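K.L.:
work-v4.cif is the file, holding mmCIF, C-alpha atoms:
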```cif
data_protein
#
loop_
_atom_site.label_atom_id
_atom_site.label_comp_id
_atom_site.auth_asym_id
_atom_site.auth_seq_id
_atom_site.Cartn_x
_atom_site.Cartn_y
_atom_site.Cartn_z
CA MET A 13 0.00 0.00 0.00
CA SER A 14 1.49 3.44 -0.97
CA GLU A 15 1.90 6.40 1.39
CA PRO A 16 -1.02 8.97 1.24
CA ASP A 17 -0.34 12.08 -0.90
CA ALA A 18 -1.35 15.70 -0.06
CA SER A 19 -4.71 15.56 -1.80
CA ALA A 20 -5.83 12.86 0.53
CA ASP A 21 -6.21 15.47 3.28
CA GLY A 22 -8.60 17.76 1.41
CA ASP A 23 -7.84 21.51 1.34
CA ALA A 24 -5.41 21.52 4.22
CA ALA A 25 -2.39 21.51 1.95
CA ALA A 26 -3.74 24.11 -0.50
CA ASN A 27 -5.08 26.62 2.09
CA PRO A 28 -2.92 26.58 5.22
CA THR A 29 -4.39 27.96 8.46
CA LEU A 30 -2.66 30.56 10.59
CA SER A 31 -1.15 27.90 12.73
CA ASP A 32 0.06 26.16 9.61
CA ALA A 33 1.98 29.35 8.68
CA GLY A 34 3.80 29.30 11.98
CA PRO A 35 3.81 31.49 15.10
CA GLY A 36 3.53 35.24 14.50
CA ALA A 37 1.99 34.90 11.08
CA GLY A 38 -1.50 35.89 12.34
CA ASP A 39 -3.06 38.02 15.11
CA ALA A 40 -3.89 35.44 17.74
CA PRO A 41 -2.65 31.98 18.34
CA GLY A 42 -4.96 29.43 16.82
CA PRO A 43 -5.50 25.87 17.85
CA PRO A 44 -2.49 23.53 18.04
CA PRO A 45 -1.14 22.37 14.73
CA PHE A 46 -2.92 19.31 13.36
CA ALA A 47 -0.91 16.59 11.63
CA PRO A 48 -2.99 13.96 9.80
CA PRO A 49 -2.20 10.35 10.76
CA VAL A 50 0.25 8.56 8.50
CA ARG A 51 -0.89 5.16 7.34
CA ARG A 52 1.80 2.49 7.97
CA ARG A 53 2.36 -0.41 5.63
CA ARG A 54 0.83 -3.60 6.94
CA ARG A 55 3.81 -5.89 7.53
CA TRP A 56 2.02 -8.93 8.99
CA PRO A 57 1.63 -10.78 5.65
CA THR A 58 5.38 -10.51 5.12
CA VAL A 59 6.18 -11.54 8.70
CA PHE A 60 3.78 -14.48 8.46
CA GLY A 61 5.39 -15.63 5.22
CA VAL A 62 8.86 -15.46 6.76
CA VAL A 63 7.72 -17.47 9.79
CA VAL A 64 6.14 -20.12 7.58
CA ALA A 65 9.29 -20.35 5.48
CA ILE A 66 11.44 -20.77 8.60
CA LEU A 67 9.14 -23.49 9.91
CA VAL A 68 9.22 -25.34 6.58
CA VAL A 69 13.01 -25.26 6.54
CA ALA A 70 13.15 -26.39 10.18
CA VAL A 71 10.80 -29.31 9.46
CA LEU A 72 12.86 -30.38 6.44
CA ILE A 73 16.06 -30.27 8.46
CA ALA A 74 14.54 -32.08 11.46
CA ASN A 75 13.18 -34.77 9.15
CA HIS A 76 16.74 -35.63 8.11
CA ILE A 77 18.41 -35.55 11.53
CA SER A 78 18.52 -39.03 13.06
CA VAL A 79 18.48 -39.36 16.83
CA ASN A 80 19.55 -42.31 18.92
CA ASP A 81 16.00 -43.08 19.99
CA TYR A 82 13.37 -45.52 18.82
CA VAL A 83 9.59 -45.69 19.00
CA ILE A 84 7.49 -48.75 19.80
CA THR A 85 4.05 -48.59 18.19
CA PRO A 86 1.16 -51.09 18.11
CA GLY A 87 1.79 -53.81 15.56
CA GLU A 88 -0.53 -56.56 14.45
CA ALA A 89 -2.36 -59.38 16.21
CA SER A 90 -2.79 -62.34 13.90
CA PRO A 91 -3.92 -65.96 14.28
CA VAL A 92 -0.99 -68.20 15.16
CA ALA A 93 -2.48 -71.35 13.56
CA PRO A 94 -1.47 -70.53 9.95
CA TYR A 95 2.16 -70.29 11.07
CA ILE A 96 2.16 -73.81 12.57
CA GLU A 97 2.53 -76.99 10.52
CA VAL A 98 1.91 -80.42 12.08
CA PRO A 99 1.35 -83.86 10.51
CA ALA A 100 -1.85 -83.78 8.47
CA ALA A 101 -3.39 -86.71 10.35
CA ASP A 102 -2.98 -84.82 13.64
CA ASN A 103 -4.10 -81.39 12.47
CA HIS A 104 -7.40 -80.93 14.31
CA PRO A 105 -9.90 -78.30 13.10
CA LEU A 106 -9.96 -75.31 15.42
CA THR A 107 -13.06 -73.84 17.06
CA GLY A 108 -11.45 -70.68 18.40
CA THR A 109 -8.56 -68.37 17.63
CA ILE A 110 -5.20 -67.86 19.32
CA LEU A 111 -3.47 -64.61 18.42
CA LEU A 112 0.19 -63.76 18.54
CA THR A 113 0.95 -60.07 18.61
CA ASP A 114 3.92 -57.91 17.79
CA VAL A 115 4.99 -54.28 17.79
CA PHE A 116 6.73 -52.06 15.27
CA VAL A 117 10.12 -50.65 16.25
CA THR A 118 11.30 -47.62 14.27
CA GLN A 119 14.32 -45.38 14.63
CA LEU A 120 13.33 -41.75 15.00
CA ASN A 121 14.48 -38.50 13.48
CA ALA A 122 14.26 -35.17 15.28
CA LEU A 123 10.81 -34.41 13.85
CA SER A 124 9.21 -37.78 14.55
CA TYR A 125 10.75 -37.79 18.03
CA LEU A 126 8.69 -34.74 18.94
CA GLN A 127 5.59 -36.26 17.39
CA TYR A 128 5.77 -39.55 19.27
CA LYS A 129 7.20 -38.19 22.50
CA TYR A 130 4.56 -35.53 23.10
CA PHE A 131 1.57 -36.18 20.85
CA ASP A 132 1.03 -39.96 20.61
CA SER A 133 -0.14 -41.68 23.79
CA ASP A 134 -0.32 -45.08 22.07
CA SER A 135 3.44 -45.32 21.52
CA GLU A 136 6.57 -45.55 23.64
CA VAL A 137 9.86 -43.78 22.94
CA ILE A 138 12.97 -45.54 24.23
CA SER A 139 16.67 -44.75 23.88
CA GLY A 140 19.02 -46.67 21.64
CA PRO A 141 21.11 -48.09 24.52
CA GLU A 142 17.93 -49.19 26.29
CA LEU A 143 16.72 -51.04 23.21
CA LEU A 144 19.95 -52.33 21.72
CA GLY A 145 22.19 -52.64 24.75
CA PRO A 146 25.58 -50.96 25.09
CA ALA A 147 27.39 -52.99 22.41
CA THR A 148 24.76 -53.89 19.79
CA ASN A 149 24.32 -52.05 16.50
CA GLN A 150 21.09 -52.01 14.53
CA ASP A 151 22.16 -54.75 12.09
CA GLN A 152 22.99 -57.11 14.95
CA TYR A 153 19.72 -56.18 16.66
CA LEU A 154 17.73 -57.48 13.70
CA ASP A 155 19.69 -60.73 13.53
CA GLN A 156 19.40 -61.18 17.29
CA GLY A 157 15.65 -60.78 17.04
CA TYR A 158 15.45 -63.51 14.42
CA LEU A 159 17.69 -65.77 16.53
CA GLN A 160 15.35 -65.23 19.46
CA MET A 161 12.39 -66.22 17.31
CA ALA A 162 14.16 -69.40 16.16
CA GLN A 163 14.89 -70.30 19.78
CA ALA A 164 11.32 -69.43 20.81
CA GLN A 165 9.97 -71.84 18.21
CA SER A 166 12.04 -74.67 19.67
CA TYR A 167 11.11 -73.82 23.25
CA ALA A 168 7.41 -73.56 22.32
CA THR A 169 7.49 -76.94 20.61
CA ALA A 170 9.28 -78.48 23.59
CA ALA A 171 6.85 -76.98 26.11
CA ALA A 172 3.76 -77.97 24.10
CA LEU A 173 4.84 -81.56 23.45
CA SER A 174 5.98 -82.03 27.04
CA ARG A 175 2.60 -80.82 28.32
CA LEU A 176 0.86 -83.20 25.90
CA GLY A 177 2.74 -86.08 27.51
CA TYR A 178 5.66 -86.65 25.19
CA THR A 179 9.34 -86.96 26.00
CA VAL A 180 11.49 -84.19 24.56
CA THR A 181 15.29 -84.22 24.69
CA SER A 182 18.02 -81.84 23.63
CA THR A 183 21.79 -81.90 23.20
CA ASN A 184 24.23 -79.06 23.80
CA ALA A 185 25.76 -78.37 20.40
CA GLY A 186 28.20 -75.47 20.81
CA ALA A 187 28.49 -71.77 21.58
CA LEU A 188 26.07 -69.71 19.48
CA ILE A 189 27.35 -66.23 18.63
CA TYR A 190 24.57 -63.93 19.77
CA GLY A 191 26.50 -60.64 19.64
CA ILE A 192 29.90 -59.30 18.57
CA ALA A 193 31.56 -56.25 20.11
CA THR A 194 32.54 -53.47 17.73
CA ASP A 195 36.27 -53.39 16.87
CA SER A 196 36.86 -56.66 18.71
CA PRO A 197 39.13 -59.44 17.34
CA ALA A 198 36.00 -61.36 16.30
CA ALA A 199 34.40 -58.46 14.43
CA SER A 200 36.21 -58.99 11.13
CA THR A 201 36.00 -62.79 11.11
CA LEU A 202 32.87 -64.04 12.86
CA HIS A 203 29.18 -63.29 12.40
CA VAL A 204 26.02 -63.42 14.49
CA ALA A 205 24.28 -66.84 14.30
CA GLN A 206 27.47 -68.85 13.75
CA VAL A 207 28.22 -71.67 16.21
CA ILE A 208 31.68 -72.33 17.66
CA THR A 209 32.21 -76.04 18.30
CA ALA A 210 35.94 -76.14 19.15
CA VAL A 211 38.93 -73.93 20.07
CA ASN A 212 42.35 -75.32 19.06
CA ASP A 213 40.69 -78.75 18.75
CA THR A 214 39.26 -78.53 22.27
CA PRO A 215 35.53 -79.34 21.96
CA VAL A 216 33.05 -76.58 22.80
CA THR A 217 29.52 -77.67 23.68
CA THR A 218 28.25 -74.71 25.77
CA ASP A 219 28.93 -71.03 26.29
CA CYS A 220 30.80 -71.89 29.48
CA SER A 221 33.00 -74.45 27.78
CA LEU A 222 34.00 -71.74 25.30
CA VAL A 223 35.09 -69.52 28.21
CA THR A 224 37.10 -72.43 29.62
CA ALA A 225 38.73 -73.19 26.26
CA LEU A 226 39.85 -69.57 25.83
CA HIS A 227 41.13 -69.20 29.37
CA GLY A 228 44.91 -69.38 29.54
CA LEU A 229 45.46 -68.16 25.98
CA THR A 230 47.36 -64.89 25.69
CA PRO A 231 46.82 -61.69 23.67
CA GLY A 232 48.45 -61.81 20.25
CA THR A 233 48.15 -65.56 19.83
CA LYS A 234 46.03 -67.10 17.11
CA ALA A 235 43.11 -69.29 18.06
CA ALA A 236 41.86 -71.88 15.56
CA LEU A 237 38.07 -71.88 15.89
CA THR A 238 35.91 -74.64 14.48
CA VAL A 239 32.80 -72.82 13.32
CA GLU A 240 29.50 -73.90 11.89
CA GLU A 241 28.67 -71.14 9.41
CA SER A 242 25.01 -70.79 10.31
CA SER A 243 23.26 -67.60 9.26
CA ILE A 244 20.02 -65.65 9.18
CA ASN A 245 18.50 -65.54 5.70
CA ASN A 246 16.65 -62.65 4.09
CA VAL A 247 13.31 -63.62 5.65
CA GLY A 248 14.68 -64.05 9.15
CA GLN A 249 15.09 -67.83 9.28
CA PHE A 250 18.00 -69.61 10.97
CA VAL A 251 19.91 -71.62 8.34
CA SER A 252 22.63 -74.16 9.17
CA GLY A 253 25.87 -74.02 7.21
CA PRO A 254 29.09 -75.96 6.64
CA THR A 255 31.70 -76.39 9.36
CA VAL A 256 34.99 -74.56 8.72
CA THR A 257 38.09 -73.49 10.63
CA LYS A 258 38.67 -69.78 11.24
CA SER A 259 41.81 -68.21 12.69
CA VAL A 260 41.38 -65.24 15.03
CA THR A 261 44.17 -63.25 16.67
CA LEU A 262 43.13 -62.71 20.28
CA GLY A 263 43.31 -59.29 21.87
CA THR A 264 43.89 -57.77 25.29
CA PRO A 265 40.81 -57.92 27.52
CA PRO A 266 39.18 -54.52 28.10
CA LYS A 267 39.77 -53.07 31.53
CA GLY A 268 37.28 -54.40 34.07
CA LEU A 269 36.04 -57.27 31.88
CA ILE A 270 35.00 -60.27 33.98
CA ASP A 271 33.73 -63.67 32.85
CA SER A 272 30.73 -64.48 35.01
CA GLY A 273 27.82 -66.88 34.93
CA CYS A 274 30.06 -69.94 34.61
CA GLY A 275 31.03 -70.52 38.20
CA ALA A 276 33.25 -68.14 40.12
CA PRO A 277 33.86 -64.84 38.27
CA THR A 278 37.25 -64.83 36.54
CA LYS A 279 39.30 -62.30 34.64
CA PRO A 280 39.89 -63.48 31.05
CA THR A 281 43.48 -63.89 29.89
CA ALA A 282 42.67 -63.01 26.26
CA TYR A 283 39.83 -61.32 24.41
CA LEU A 284 37.68 -62.65 21.56
CA GLY A 285 34.80 -60.17 21.81
CA ILE A 286 31.60 -62.17 21.41
CA GLU A 287 28.46 -62.73 23.46
CA PRO A 288 27.89 -66.51 23.43
CA GLN A 289 24.85 -68.63 24.21
CA THR A 290 24.53 -72.38 24.37
CA GLN A 291 23.21 -73.81 21.11
CA GLN A 292 20.84 -76.76 21.51
CA ASP A 293 19.87 -79.50 19.10
CA TRP A 294 16.35 -80.73 19.85
CA GLN A 295 14.90 -84.19 19.38
CA PHE A 296 11.12 -83.93 19.03
CA PRO A 297 8.85 -86.99 18.86
CA VAL A 298 6.45 -85.10 16.57
CA LYS A 299 7.36 -83.07 13.51
CA VAL A 300 6.29 -79.48 14.21
CA THR A 301 7.34 -76.59 12.00
CA VAL A 302 6.65 -72.94 12.74
CA HIS A 303 6.92 -70.49 9.82
CA THR A 304 7.31 -66.92 11.07
CA GLN A 305 9.02 -65.10 8.26
CA ASN A 306 10.18 -61.57 9.05
CA ILE A 307 9.01 -61.77 12.67
CA GLY A 308 11.69 -61.41 15.31
CA GLY A 309 11.94 -61.61 19.06
CA PRO A 310 10.97 -64.22 21.65
CA SER A 311 7.62 -62.79 22.76
CA ALA A 312 5.45 -65.11 20.63
CA GLY A 313 6.65 -68.14 22.61
CA LEU A 314 3.52 -68.51 24.74
CA ALA A 315 1.14 -68.00 21.80
CA MET A 316 3.02 -70.55 19.70
CA THR A 317 2.91 -73.07 22.55
CA LEU A 318 -0.86 -72.73 22.83
CA GLY A 319 -1.24 -72.92 19.06
CA ILE A 320 0.77 -76.14 18.83
CA MET A 321 -1.23 -77.70 21.67
CA ASP A 322 -4.53 -76.67 20.09
CA LYS A 323 -3.66 -78.19 16.72
CA LEU A 324 -2.39 -81.46 18.17
CA SER A 325 -5.23 -81.97 20.67
CA SER A 326 -8.94 -81.34 20.25
CA GLY A 327 -8.83 -77.93 18.62
CA ARG A 328 -11.03 -76.62 21.44
CA LEU A 329 -8.39 -75.15 23.73
CA THR A 330 -9.88 -71.65 23.71
CA GLY A 331 -13.53 -72.46 24.40
CA ASN A 332 -14.45 -70.89 21.04
CA ARG A 333 -12.99 -67.54 22.08
CA ILE A 334 -10.49 -65.15 20.52
CA VAL A 335 -7.53 -65.47 22.87
CA ALA A 336 -4.30 -63.49 22.63
CA ALA A 337 -1.03 -64.19 24.42
CA THR A 338 2.41 -62.64 24.78
CA GLY A 339 5.39 -63.83 26.76
CA THR A 340 8.55 -65.84 26.34
CA ILE A 341 8.46 -69.56 27.06
CA ASP A 342 11.11 -72.12 28.00
CA GLN A 343 11.04 -75.87 27.63
CA ASN A 344 9.62 -76.18 31.15
CA GLY A 345 6.68 -73.87 30.40
CA THR A 346 7.94 -70.87 32.37
CA VAL A 347 6.56 -67.59 31.01
CA GLY A 348 8.95 -64.62 30.90
CA ASP A 349 8.50 -60.90 30.40
CA VAL A 350 8.62 -59.11 27.07
CA GLY A 351 8.55 -55.52 25.84
CA GLY A 352 5.84 -53.31 24.37
CA VAL A 353 2.94 -54.90 26.27
CA ALA A 354 0.92 -51.67 26.35
CA GLU A 355 1.17 -51.37 22.57
CA LYS A 356 0.40 -55.08 22.12
CA THR A 357 -2.74 -54.62 24.20
CA ILE A 358 -3.98 -52.04 21.71
CA ALA A 359 -3.24 -54.42 18.84
CA VAL A 360 -5.12 -57.39 20.33
CA GLU A 361 -8.14 -55.22 21.12
CA ARG A 362 -8.24 -54.03 17.53
CA ALA A 363 -8.20 -57.71 16.47
CA GLY A 364 -11.25 -58.50 18.60
CA ALA A 365 -9.61 -60.52 21.40
CA THR A 366 -11.56 -60.87 24.65
CA VAL A 367 -8.81 -62.68 26.62
CA PHE A 368 -5.18 -61.61 26.84
CA PHE A 369 -2.48 -63.55 28.72
CA VAL A 370 0.54 -61.46 29.75
CA PRO A 371 3.57 -62.03 32.02
CA SER A 372 2.73 -61.10 35.61
CA VAL A 373 5.31 -58.32 35.80
CA GLU A 374 3.63 -56.55 32.87
CA PHE A 375 0.03 -56.88 33.96
CA GLN A 376 -0.31 -53.19 34.89
CA ALA A 377 1.04 -52.08 31.50
CA ALA A 378 -1.62 -54.16 29.76
CA GLU A 379 -4.39 -53.05 32.12
CA SER A 380 -3.57 -49.39 31.43
CA LYS A 381 -4.67 -49.85 27.80
CA ALA A 382 -7.38 -52.50 28.17
CA THR A 383 -11.05 -51.70 27.70
CA PRO A 384 -13.77 -53.54 29.68
CA GLN A 385 -14.24 -55.93 26.75
CA LEU A 386 -10.71 -57.29 27.11
CA HIS A 387 -9.95 -59.48 30.14
CA VAL A 388 -6.24 -59.44 30.97
CA TYR A 389 -4.73 -62.34 32.93
CA ALA A 390 -1.32 -62.25 34.59
CA VAL A 391 0.53 -65.58 34.31
CA ASN A 392 3.91 -67.04 35.23
CA ASN A 393 3.73 -70.45 33.57
CA LEU A 394 1.87 -72.59 31.07
CA ASP A 395 -0.10 -74.51 33.70
CA GLN A 396 -1.66 -71.26 34.93
CA VAL A 397 -2.77 -70.41 31.40
CA LEU A 398 -4.34 -73.83 30.91
CA ARG A 399 -6.22 -73.65 34.22
CA ILE A 400 -7.69 -70.29 33.23
CA LEU A 401 -8.68 -71.61 29.79
CA THR A 402 -10.41 -74.55 31.49
CA ARG A 403 -12.45 -72.16 33.65
CA LEU A 404 -13.39 -70.24 30.50
CA GLY A 405 -14.73 -73.37 28.86
CA GLY A 406 -11.66 -74.52 26.97
CA LYS A 407 -10.88 -78.20 26.44
CA VAL A 408 -7.42 -78.94 27.86
CA PRO A 409 -6.03 -82.45 27.25
CA THR A 410 -5.39 -84.40 30.45
CA LYS A 411 -3.89 -87.51 28.86
CA PRO A 412 -1.09 -87.93 26.30
CA VAL A 413 -2.32 -87.21 22.80
CA SER A 414 -1.67 -89.89 20.19
CA VAL A 415 0.14 -88.33 17.23
CA GLN A 416 2.41 -89.50 14.45
CA ALA A 417 6.08 -89.72 15.31
CA ALA A 418 8.51 -87.38 13.64
CA PRO A 419 10.35 -88.98 10.70
#
```
In structure tokens, how does this file's structure come out?
P.N.:
Amino acid sequence: MSEPDASADGDAAANPTLSDAGPGAGDAPGPPPFAPPVRRRRRWPTVFGVVVAILVVAVLIANHISVNDYVITPGEASPVAPYIEVPAADNHPLTGTILLTDVFVTQLNALSYLQYKYFDSDSEVISGPELLGPATNQDQYLDQGYLQMAQAQSYATAAALSRLGYTVTSTNAGALIYGIATDSPAASTLHVAQVITAVNDTPVTTDCSLVTALHGLTPGTKAALTVEESSINNVGQFVSGPTVTKSVTLGTPPKGLIDSGCGAPTKPTAYLGIEPQTQQDWQFPVKVTVHTQNIGGPSAGLAMTLGIMDKLSSGRLTGNRIVAATGTIDQNGTVGDVGGVAEKTIAVERAGATVFFVPSVEFQAAESKATPQLHVYAVNNLDQVLRILTRLGGKVPTKPVSVQAAP
């Protein structure tokens, strides 16, 4: 908008008053001089445009700045039965539904961090170290999740068959590489999911026997490791590989490193830099296969156990209900805690579940998100779950179930 010109004020410019001519120009002082108001340019459209531009630039920058935090959001709750394969003659038709549930885990950028941290009550923001641990990178985290799923499948099968009255046995088969420390001697030679079965021809059957085999070796010496080159394939399945020999030059143990969990704590004499677990080979009397492509973590253990039992027994384990479950399982049927239970509760409600079994320590997290239509039960073991299902009208087998033996 332009500044006003003289004609905008009428005759004032063309015919000045006495006071306009200045003091002394007339006989008597007139009224005080009058100055017409000057119209200012309206700047708010320009200021608003600048602010918007700054915000747009800030959003674009924030959207490309990664932060070391992750968000857990509700995933999916899906029937576990389609994942489970049993001998056709023993595959009973099902009258209810057992759901396994998962969550989505996503690394955040600066923009999404603000969104999930302050504006989304159905998600949980956690730090990288809290999620991954102090020595795990994101690539290892994915492989570790798939390893946990592979182990959960074995434990679920063992727990289900044992509860159905069958004898299940296992053999210690080596030291499974669960994690590898960055810049450690193992980092350039070994990989997550491989299994060490010997050190310098000394047999290794457990994680503790690996510690024993390495003890006494000195930094700078080469250790000949017999390694089964197992791996995780592109859909998250554990795949066995050939056995080879790999040479690793051992390093100096980091300051303060202690080997514990295998008897009295000891200070290692040399450093390999892996996190081992005992690998087990299972002998199952019934052929059970669980197909969970691209699903990681151990939390489906309880749901898979119930699904296997349901298929191999009467198919009426749930009392014709939609039942969801989360929790780890071991071969003895012990239920362990998992993460993201609040978000899983949202997922199972969306899927129509009316019963949800959760580890006891996470009962409150589930209750905080449950509606009156969803009944949450805190459990510590498989027997508790089966007793509750019996009260709800489910058919739980009380005698060994006759099934075909595994080939």
K.L.:
Name the residues, using the chain letters and numbers of the file, that sit within 6 Å of (-3.2, -60.8, 35.4) when counting all atoms listed in the file, and give them as a list of chain:residue names.
P.N.:
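Protein, DNA and RNA residues close to (-3.2, -60.8, 35.4): A:Ser372, A:Phe375, A:Val388, A:Tyr389, A:Ala390.
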K.L.:
Go through A:Thr255, A:Thr346, A:Ser325, A:Thr214 and flag the residue nearest Pro409 in chain A, using only C-alpha atoms for the distances.
P.N.:
A:Ser325
K.L.:
Find the spatial neighbours of Tyr283 in chain A, counting only C-alpha atoms, within a cut-off of 6 Å - ignore same-chain residues fewer than 2 positions away - and output them as a ChimeraX atom specification.
P.N.:
/A:262-265,285
K.L.:
Can you work out which one of A:Gln156, A:Thr118, A:Thr85, A:Thr201 has the shortest atom-to-atom distance to Val353 in chain A, counting all atoms listed in the file?
P.N.:
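Looking only at the distances to Val353 in chain A, the closest residue turns out to be A:Thr85.
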K.L.:
Please determine, counting all atoms listed in the file, which residue among A:Gly364, A:Pro280, A:Ile270, A:Phe369 has the shortest atom-to-atom distance to Thr230 in chain A.
P.N.:
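Ranking A:Gly364, A:Pro280, A:Ile270, A:Phe369 by distance to Thr230 in chain A, first place goes to A:Pro280.
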K.L.:
Pick from A:Gln396, A:Asn332, A:Asn103, A:Gln305: nearest to Gly157 in chain A, with only C-alpha atoms counted?
P.N.:
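Residue with the minimum atom-to-atom distance to Gly157 in chain A: A:Gln305.
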K.L.:
Identify the residues within 12 Å of coordinate (-5.6, -60.2, 26.8) (same frame as the file), considering only C-alpha atoms, and give the answer as an NGL selection string.
P.N.:
:A and (89 or 110-113 or 315 or 333-339 or 353-371 or 374-391 or 397)
K.L.:
I need the residues from that last selection saved to file as a PDB file, in the coordinates of the input (with C-alpha atoms), if you can.
P.N.:
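Result written to again.pdb:
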```
ATOM      1  CA  ALA A  89      -2.360 -59.380  16.210  1.00  0.00           C
ATOM      2  CA  ILE A 110      -5.200 -67.860  19.320  1.00  0.00           C
ATOM      3  CA  LEU A 111      -3.470 -64.610  18.420  1.00  0.00           C
ATOM      4  CA  LEU A 112       0.190 -63.760  18.540  1.00  0.00           C
ATOM      5  CA  THR A 113       0.950 -60.070  18.610  1.00  0.00           C
ATOM      6  CA  ALA A 315       1.140 -68.000  21.800  1.00  0.00           C
ATOM      7  CA  ARG A 333     -12.990 -67.540  22.080  1.00  0.00           C
ATOM      8  CA  ILE A 334     -10.490 -65.150  20.520  1.00  0.00           C
ATOM      9  CA  VAL A 335      -7.530 -65.470  22.870  1.00  0.00           C
ATOM     10  CA  ALA A 336      -4.300 -63.490  22.630  1.00  0.00           C
ATOM     11  CA  ALA A 337      -1.030 -64.190  24.420  1.00  0.00           C
ATOM     12  CA  THR A 338       2.410 -62.640  24.780  1.00  0.00           C
ATOM     13  CA  GLY A 339       5.390 -63.830  26.760  1.00  0.00           C
ATOM     14  CA  VAL A 353       2.940 -54.900  26.270  1.00  0.00           C
ATOM     15  CA  ALA A 354       0.920 -51.670  26.350  1.00  0.00           C
ATOM     16  CA  GLU A 355       1.170 -51.370  22.570  1.00  0.00           C
ATOM     17  CA  LYS A 356       0.400 -55.080  22.120  1.00  0.00           C
ATOM     18  CA  THR A 357      -2.740 -54.620  24.200  1.00  0.00           C
ATOM     19  CA  ILE A 358      -3.980 -52.040  21.710  1.00  0.00           C
ATOM     20  CA  ALA A 359      -3.240 -54.420  18.840  1.00  0.00           C
ATOM     21  CA  VAL A 360      -5.120 -57.390  20.330  1.00  0.00           C
ATOM     22  CA  GLU A 361      -8.140 -55.220  21.120  1.00  0.00           C
ATOM     23  CA  ARG A 362      -8.240 -54.030  17.530  1.00  0.00           C
ATOM     24  CA  ALA A 363      -8.200 -57.710  16.470  1.00  0.00           C
ATOM     25  CA  GLY A 364     -11.250 -58.500  18.600  1.00  0.00           C
ATOM     26  CA  ALA A 365      -9.610 -60.520  21.400  1.00  0.00           C
ATOM     27  CA  THR A 366     -11.560 -60.870  24.650  1.00  0.00           C
ATOM     28  CA  VAL A 367      -8.810 -62.680  26.620  1.00  0.00           C
ATOM     29  CA  PHE A 368      -5.180 -61.610  26.840  1.00  0.00           C
ATOM     30  CA  PHE A 369      -2.480 -63.550  28.720  1.00  0.00           C
ATOM     31  CA  VAL A 370       0.540 -61.460  29.750  1.00  0.00           C
ATOM     32  CA  PRO A 371       3.570 -62.030  32.020  1.00  0.00           C
ATOM     33  CA  GLU A 374       3.630 -56.550  32.870  1.00  0.00           C
ATOM     34  CA  PHE A 375       0.030 -56.880  33.960  1.00  0.00           C
ATOM     35  CA  GLN A 376      -0.310 -53.190  34.890  1.00  0.00           C
ATOM     36  CA  ALA A 377       1.040 -52.080  31.500  1.00  0.00           C
ATOM     37  CA  ALA A 378      -1.620 -54.160  29.760  1.00  0.00           C
ATOM     38  CA  GLU A 379      -4.390 -53.050  32.120  1.00  0.00           C
ATOM     39  CA  SER A 380      -3.570 -49.390  31.430  1.00  0.00           C
ATOM     40  CA  LYS A 381      -4.670 -49.850  27.800  1.00  0.00           C
ATOM     41  CA  ALA A 382      -7.380 -52.500  28.170  1.00  0.00           C
ATOM     42  CA  THR A 383     -11.050 -51.700  27.700  1.00  0.00           C
ATOM     43  CA  PRO A 384     -13.770 -53.540  29.680  1.00  0.00           C
ATOM     44  CA  GLN A 385     -14.240 -55.930  26.750  1.00  0.00           C
ATOM     45  CA  LEU A 386     -10.710 -57.290  27.110  1.00  0.00           C
ATOM     46  CA  HIS A 387      -9.950 -59.480  30.140  1.00  0.00           C
ATOM     47  CA  VAL A 388      -6.240 -59.440  30.970  1.00  0.00           C
ATOM     48  CA  TYR A 389      -4.730 -62.340  32.930  1.00  0.00           C
ATOM     49  CA  ALA A 390      -1.320 -62.250  34.590  1.00  0.00           C
ATOM     50  CA  VAL A 391       0.530 -65.580  34.310  1.00  0.00           C
ATOM     51  CA  VAL A 397      -2.770 -70.410  31.400  1.00  0.00           C
TER      52      VAL A 397
END
```
K.L.:
Under the PyMOL selection byres ((chain A and resi 344) around 12), which residues of this model are included? Write them out as a list in words.
P.N.:
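In the shown coordinates, the PyMOL selection byres ((chain A and resi 344) around 12) covers Ser166, Tyr167, Ala168, Thr169, Ala170, Ala171, Ala172, Leu173, Ser174, Arg175, Thr179, Val180, Thr181, Leu314, Thr317, Thr340, Ile341, Asp342, Gln343, Gly345, Thr346, Val347, Gly348, Asn392, Asn393, Leu394 and Asp395 of chain A.
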K.L.:
Do you have the CA of Leu143 in chain A-CA of Asp81 in chain A distance handy?
P.N.:
8.6 Å
K.L.:
Care to translate the PyMOL selection byres ((chain A and resi 286-298) around 7) into actual residues of this file, as a short mmCIF file (atom, residue, chain, number, x, y, z; two decimals) with C-alpha atoms, in the coordinates of the input?
P.N.:
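Once everything was written out, this is part_24.cif:
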```
data_model
loop_
_atom_site.label_atom_id
_atom_site.label_comp_id
_atom_site.auth_asym_id
_atom_site.auth_seq_id
_atom_site.Cartn_x
_atom_site.Cartn_y
_atom_site.Cartn_z
CA VAL A 180 11.49 -84.19 24.56
CA THR A 181 15.29 -84.22 24.69
CA SER A 182 18.02 -81.84 23.63
CA THR A 183 21.79 -81.90 23.20
CA ASN A 184 24.23 -79.06 23.80
CA ALA A 185 25.76 -78.37 20.40
CA GLY A 186 28.20 -75.47 20.81
CA ALA A 187 28.49 -71.77 21.58
CA LEU A 188 26.07 -69.71 19.48
CA ILE A 189 27.35 -66.23 18.63
CA TYR A 190 24.57 -63.93 19.77
CA GLY A 191 26.50 -60.64 19.64
CA ILE A 192 29.90 -59.30 18.57
CA ALA A 193 31.56 -56.25 20.11
CA ALA A 198 36.00 -61.36 16.30
CA THR A 218 28.25 -74.71 25.77
CA ASP A 219 28.93 -71.03 26.29
CA LEU A 284 37.68 -62.65 21.56
CA GLY A 285 34.80 -60.17 21.81
CA LYS A 299 7.36 -83.07 13.51
CA VAL A 300 6.29 -79.48 14.21
CA GLN A 416 2.41 -89.50 14.45
CA ALA A 417 6.08 -89.72 15.31
CA ALA A 418 8.51 -87.38 13.64
#
```
